[in-house]
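Chemist: First the structure, which I've put down as structure tokens, then a few questions once you've had a look.
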Amino acid sequence: MTATTPGFPAAGTEWIFVMDQSRCIGCRACVQACEECGTHRGHSMIHLDDVDRVQSPQTVPMVCMHCTDPTCAEVCPADAIKQNELGVVQSALKPRCIGCSNCVLACPFGVPKMVSEFDLMMKCDLCLDRTSVGLKPMCASVCPSDALWYGTRDEYAATRRGELVDTFVFGNQEVTTRVKVVADLPGSIDVLGGAAGARPWQDDPFGLEEEPLW
Amino acid sequence: MARPPLPEDQLVVRFGLRLNVEPPGGWVASTETGSEVHTHCCFCGLQCGIKLRLSDGEVVGFEPWYEFPFNRGKLCPKGVKRYLQGNHPDRLLAPMVRADDGFRPVSWDEALATTVGELRRIQAEHGPDSVAVLGGASLTTEKSYLLGKLARLGLRTRHIDYNGRLCMVSAGVAYKKAFGIDRAPNPWSDIPQADVVFVIGANIAECAPITTGYIWRARDRGAKLIVADPRVTAVARTADMFLGLRPGTDSALLSAMLHEVVRRDLVDQSFIEAHTEGFDEAVAAVADQTPRWAAEVTGVPAARIEQAAEMWAAPGTGMLLHARGLEHQSKGVMNVSAAINLALACGRIGRPGKGVNMITGQGNGQGGREHGQKCDQLPGARDLTDPEHRAAVAQVWGCDPDELPGPGLTAYEILEAIERGEIRGLLSICFNPLVSLPDTARTRAALDKLEHFSVIDFFLSETAHHADVVLAGSLHEEDEGVVCTAEGRVVKVNAAVAPPGDARRDTEILVEIGRRLGAERHFPFTTNREVFEELRRASAGGIADYAGITWERLEAEQGIFWPCPSEDHPGTPRLYTDLRFNTPSGRARFVPTPWRPPAEVVDESYPLWFTTGRVISQYLSGTQTRRIGALVAQYPEPLCELHPALAERHGIATGDIVRVTSRRGSIELPAMVVSTIRPDTVFIPYHWAGTQAANQLTNPVLDPESRIPEYKVCAVRIERVGPGARDPLDRRDTSLTGGPSYT
């Protein structure tokens, strides 16, 4: 394992997890790969949602944002949700979790899942079995579209566009996260149209106003 | 008569489809692995690198292969779950013959004696060409090579073709006409270097998923994206210009863009003069194909066609990518020629970021068409009608050139010859025509007529239900050899495990059949490596020249692009860098593209356009992927996509059962109402069999040059049958309770 081997971090570099939902193609490779992760085999911890399938094929993946002050842990009455030394927020501790779903309801990003089979809150743990030995998480390894991405800040700056955002405001609550999200400006793929009129075709994909069908 | 011995539902009970839902030992088994095998995904022409994880001699999972340069560890869901095709309850473990109560396991000796005896008996009574061979483009190149040799020197029949006839032949003919070589001219690493990317007839996100990242990287550099498709696909969603054309009108759109590029004088005149021929004739053919005219034909507003032409022809680099959408038509070749014309007019070939590329679909879609299972071709992509080419291969094979039969019928024409009673015996491998050929009812009736049908397969496919003899062959991970990717990069596939039970490697089966046919001296092979070494010699000096490629080099260099004529040659990632083409004049050729409508057009009885395609979780006819639980769960059954405006006319809501009817047949299935499809068009993905087969509707008319069927356009009507039994949309991930089980 050398510093230049792809898939492994160079010694001393800070690796970041970046999510750019605008790139998602809905393929579900992340979902399928997540359930191959050694710490929760057979269970995917990723959410992959259609925004509005009637209107668009746009899908959005959601992994745990690994908040600096995780709301899920703050609302847990059993003190079952812990961060490790790297700031990774982990699934509830089995001996402590009482299955109350406070965390499921409180998470501003809708991440934790109450897995009834185990009566346990489970969530993305950033593939601890992989990242702890220097491997990329499963989802960010396989994602064909780089919607989920794991690498160094330098690598990101050299190959990608778009500001990285890790602070979010929900009403009176400000949340800072370990996972970075690509903001629309200055230049990620602006799937929502970006500036007004950037993709006029989206208002009428098949040009029906100009070329009526019937 | 090759009829199934039992009704379909009884065969399914015995042979599947059953679902493999978890790895050997279950999800709770240890994830410790003994070793990893570096190989490639078996599902699609991109051939992503992947590592298969082994434990106790079984494939138990996968690991990303980060170092493989094409995909850097990335995989689509099929790649992630490919390992579940092994250790499968439906796996055929022994050869079988048809019996009154189904299929009966027999010894290899009995099975092979029956196959060879019956094929020989038919040939003795009706001549050598009364027997045909059908192959497939998911086979390794060694198997493809063996199959061609087996047909020509074992069975000595003219009739061998393969299911690549349903995939890459339109592009192949058009690229040979224009450039003289049937291969994507550019490596994928050219895509991120393009200033404009034009995608037409290619659902990249679902059919060539890893290509998505290459396009996104181009966009990170600021590239413009144009997408032409009857549906707003996941990649089209982000396009700077979307051209939502009617099915079957691609050449009109492309010709109108050429018209506009010429009208505005946006052509690369110096390139055209120095390196091409036929430009004036091509321009004359599009003289009347104005954007205004094309708007009527395609349904795309003229202003958008004009803007797209301007965007494509802007100074700088550009890549045009196309796939089955425009190739699966009775003018598939002309559609591709129209795409090539548009690229050549702007000088887009032979330079970094400049090119026109086909996106090959099947696992070995490129390699499988290079070395002799195609009806008109010999190894090295040589021409079966060229005396020099015949002599070159005959010398390597140690036979007289006159012993090599001439070109035979193409895949669908073989079916038609079976229908007419001219072909009576069939040996098939890696082909499931009951799902993949158009007009399913006709295919079934033809298979029923065969006097003898032998199938080599690892699962009992719907087609194999008709077999007299089923020879239990090998999965991708049970054999080794080479494949050639969509880029033209030859890579090495490695065996992870041995075939289970009494199943055998396909290569061993083919060699044994050759020997039993009395062609021992042509089938001396004891290993796959020996087959590859002969293939190298047979390809030497040909177009697809593998002479300099060794298995060791493939491993060390992570693939080599052909041509590679000598062991010190680095291979050829980008063709035509000297702007010399493999044509008599050395110039690239424009080909005129006069307008021709689809073979079947809408009318009062069948007022809607129908088109077929794929979903990301299934591969081709689904023989493998319909048996993998996690992939089936992702998209369990075919859905009929239709626009809300059309749905409203018929009172259809998402989840309702609808009946779609063409002149060939009808299908009932759940509706999915989405505004991402043209309101005059309905879409059904094709991977399923029986009453779920989209090909019950499709039109078996063929392109006159490529002989590809017109899967992508015919006329249908639609009606509501009633409410459906379930919500067809996948909402598992939106549930925050109950757990996200995929099994």
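How things are named: the first chain in the structure tokens is A, the next is B, and so on; residues count from 1 in each chain; ligands count from 1 in the order shown.
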Excluding same-chain residues fewer than 3 positions from B:Gly127, what lies within 10 Å of it counting only C-alpha atoms, as a list in words?

Modeler: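 Skipping anything fewer than 3 positions along the chain leaves Arg120, Arg121, Ile122, Gln123, Ala124, Ser130, Val131, Arg156, Thr157, Glu422 and Ile423 of chain B.
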
Chemist: Extract, using only C-alpha atoms, all DNA, RNA and protein residues at most 6 Å from stretch 221-226 of chain B, discarding same-chain residues fewer than 5 positions from it, and format them as a list in words.

Modeler: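 So the residues in contact are Asp195, Val196, Val197, Phe198, Ala239, Asp240, Met241 and Phe242 of chain B.
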
Chemist: Please find the residues of chain A near chain B - the criterion being any atom within 8 Å, counting only C-alpha atoms - and write them as an NGL selection string.

Modeler: :A and (5-7 or 23 or 25-30 or 32-33 or 36 or 38 or 41-49 or 53-58 or 104 or 110 or 112-117 or 141-146 or 159-161 or 187-191 or 198-199 or 201 or 205-207 or 210-211 or 213)

Chemist: List every residue of stretch 413-549 of chain B that DSSP, applied to the backbone, labels as strand (DSSP E), and write the result as a list in words.

Modeler: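 Here are the strand (DSSP E) residues of stretch 413-549 of chain B: Gly425, Leu426, Leu427, Ser428, Ile429, His452, Phe453, Ser454, Val455, Ile456, Asp457, Val469, Val470, Leu471, Ala472, Gly481, Val482, Val483, Cys484, Arg489, Val490, Val491, Lys492 and Val493 of chain B.
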
Chemist: With DSSP run on the backbone, what are the helix (DSSP H, G or I) residues within chain A? I'd like them as a ChimeraX atom specification.

Modeler: /A:21-23,29-34,71-74,102-106,128-131,138-142,153-159,200-203

Chemist: Write to file, as an mmCIF file, in the first residue's frame, the residues of the selection just made, with C-alpha atoms.

Modeler:
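The new file selection23.cif reads:
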```cif
data_model
loop_
_atom_site.group_PDB
_atom_site.id
_atom_site.type_symbol
_atom_site.label_atom_id
_atom_site.label_comp_id
_atom_site.auth_asym_id
_atom_site.auth_seq_id
_atom_site.Cartn_x
_atom_site.Cartn_y
_atom_site.Cartn_z
ATOM 1 C CA GLN A 21 -26.635 15.222 -5.958
ATOM 2 C CA SER A 22 -26.989 16.999 -9.298
ATOM 3 C CA ARG A 23 -24.780 14.337 -10.877
ATOM 4 C CA ALA A 29 -24.884 1.239 -7.548
ATOM 5 C CA CYS A 30 -24.351 2.990 -4.181
ATOM 6 C CA VAL A 31 -27.359 1.235 -2.656
ATOM 7 C CA GLN A 32 -26.255 -2.150 -3.967
ATOM 8 C CA ALA A 33 -22.652 -1.621 -2.860
ATOM 9 C CA CYS A 34 -23.647 -0.253 0.570
ATOM 10 C CA THR A 71 -28.720 16.037 16.307
ATOM 11 C CA CYS A 72 -29.410 12.303 16.351
ATOM 12 C CA ALA A 73 -27.061 11.900 19.309
ATOM 13 C CA GLU A 74 -28.400 14.996 21.074
ATOM 14 C CA ASN A 102 -36.207 9.896 18.205
ATOM 15 C CA CYS A 103 -33.099 10.061 16.017
ATOM 16 C CA VAL A 104 -35.048 9.059 12.910
ATOM 17 C CA LEU A 105 -37.493 11.882 13.469
ATOM 18 C CA ALA A 106 -34.953 14.482 14.564
ATOM 19 C CA LEU A 128 -15.596 2.268 9.026
ATOM 20 C CA ASP A 129 -14.276 -1.156 8.051
ATOM 21 C CA ARG A 130 -12.855 0.405 4.896
ATOM 22 C CA THR A 131 -11.983 3.997 5.812
ATOM 23 C CA MET A 138 -18.138 1.514 -0.954
ATOM 24 C CA CYS A 139 -20.640 4.034 -2.318
ATOM 25 C CA ALA A 140 -18.020 6.598 -3.301
ATOM 26 C CA SER A 141 -15.877 3.817 -4.779
ATOM 27 C CA VAL A 142 -18.478 2.558 -7.207
ATOM 28 C CA ARG A 153 -9.130 18.566 -1.315
ATOM 29 C CA ASP A 154 -6.308 18.965 -3.820
ATOM 30 C CA GLU A 155 -7.742 16.248 -6.014
ATOM 31 C CA TYR A 156 -11.142 17.894 -5.844
ATOM 32 C CA ALA A 157 -9.743 21.301 -6.714
ATOM 33 C CA ALA A 158 -7.837 19.872 -9.665
ATOM 34 C CA THR A 159 -10.689 17.919 -11.222
ATOM 35 C CA PRO A 200 -35.178 26.883 -21.724
ATOM 36 C CA TRP A 201 -35.937 23.451 -23.168
ATOM 37 C CA GLN A 202 -36.762 22.152 -19.691
ATOM 38 C CA ASP A 203 -40.020 24.130 -19.643
#
```

Chemist: May I ask which of the residues B:Arg537, B:Arg82, B:Lys176, B:His88 is the closest one to B:Ile340, counting only C-alpha atoms?

Modeler: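 The shortest atom-to-atom distance to B:Ile340 comes from B:Lys176.
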
Chemist: Using only C-alpha atoms, can you tell me which of B:Ala599, B:Val511, B:Ala381, B:Val701 comes closest to B:Ile181?

Modeler: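 Closest to B:Ile181, using only C-alpha atoms: B:Ala381.
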
Chemist: Which residues are near stretch 150-152 of chain A? Cut-off 6 Å, only C-alpha atoms, ignore same chain within fewer than 4 positions. Put them as a list of chain:residue names.

Modeler: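 After dropping sequence-adjacent residues, the list is A:Trp15, A:Ile16, A:Phe17, A:Ala140.
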
Chemist: Write out the residues from the selection above, keeping N, CA and C atoms, as a compact mmCIF listing (two decimals), in the first residue's frame.

Modeler:
```txt
# COMPACT_ATOMS: atom_id res chain seq x y z
N TRP A 15 -8.76 13.39 3.85
CA TRP A 15 -9.69 12.98 2.81
C TRP A 15 -11.08 13.50 3.13
N ILE A 16 -11.78 13.90 2.07
CA ILE A 16 -13.11 14.46 2.27
C ILE A 16 -14.13 13.65 1.47
N PHE A 17 -15.32 13.60 2.02
CA PHE A 17 -16.44 12.97 1.32
C PHE A 17 -17.27 14.08 0.71
N ALA A 140 -18.85 5.65 -2.56
CA ALA A 140 -18.02 6.60 -3.30
C ALA A 140 -17.01 5.88 -4.19
```

Chemist: When you look at B:Gly172 with a cut-off of 9 Å (counting only C-alpha atoms), what residues show up, excluding the ones that are within fewer than 4 positions of it in the same chain? I need them as number ranges by chain.

Modeler: B: 168, 176-177, 181-183, 333, 358, 706

Chemist: Taking only C-alpha atoms into account, name the residue in B:Leu6, B:Val336, B:Val12, B:Cys48 that is nearest to B:Phe590.

Modeler: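 Among the listed residues, the smallest separation from B:Phe590 belongs to B:Val336.
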
Chemist: Any idea what the distance is between atom CA of B:Val602 and atom CA of B:Ala228?

Modeler: 21.0 Å

Chemist: Using only C-alpha atoms, which of B:Ser585, B:Gln373, B:Thr681, B:Thr550 sits nearest B:Ala151?

Modeler: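 The closest residue to B:Ala151 is B:Gln373.
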
Chemist: For B:Pro597, find every residue with an atom within 8 Å (counting only C-alpha atoms), except residues of its own chain fewer than 2 positions away, and show them as a ChimeraX atom specification.

Modeler: /B:248-249,595,599,601

Chemist: Store the residues picked out above, limited to C-alpha atoms, as a CSV table (one decimal), in the first residue's frame.

Modeler:
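In the end it all went to part24.csv:
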```csv
chain,number,residue,atom,x,y,z
B,248,GLY,CA,-37.2,6.5,-36.3
B,249,THR,CA,-36.3,10.0,-37.3
B,595,TRP,CA,-34.6,10.6,-46.0
B,599,ALA,CA,-40.8,0.6,-42.2
B,601,VAL,CA,-45.6,4.3,-39.4
```

Chemist: Need the shell around B:Glu487: protein/DNA/RNA residues with any atom at most 10 Å away, counting only C-alpha atoms. Skip same-chain ones fewer than 5 positions apart. Format as a ChimeraX atom specification?

Modeler: /B:45-47,70,183-189,357-360,366,561-562,573-574

Chemist: Which of these, A:Val181, A:Thr176, A:Pro95, A:Asp50, has the shortest distance to A:Ala147 once you count only C-alpha atoms?

Modeler: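 Closest to A:Ala147 of all the choices is A:Val181.
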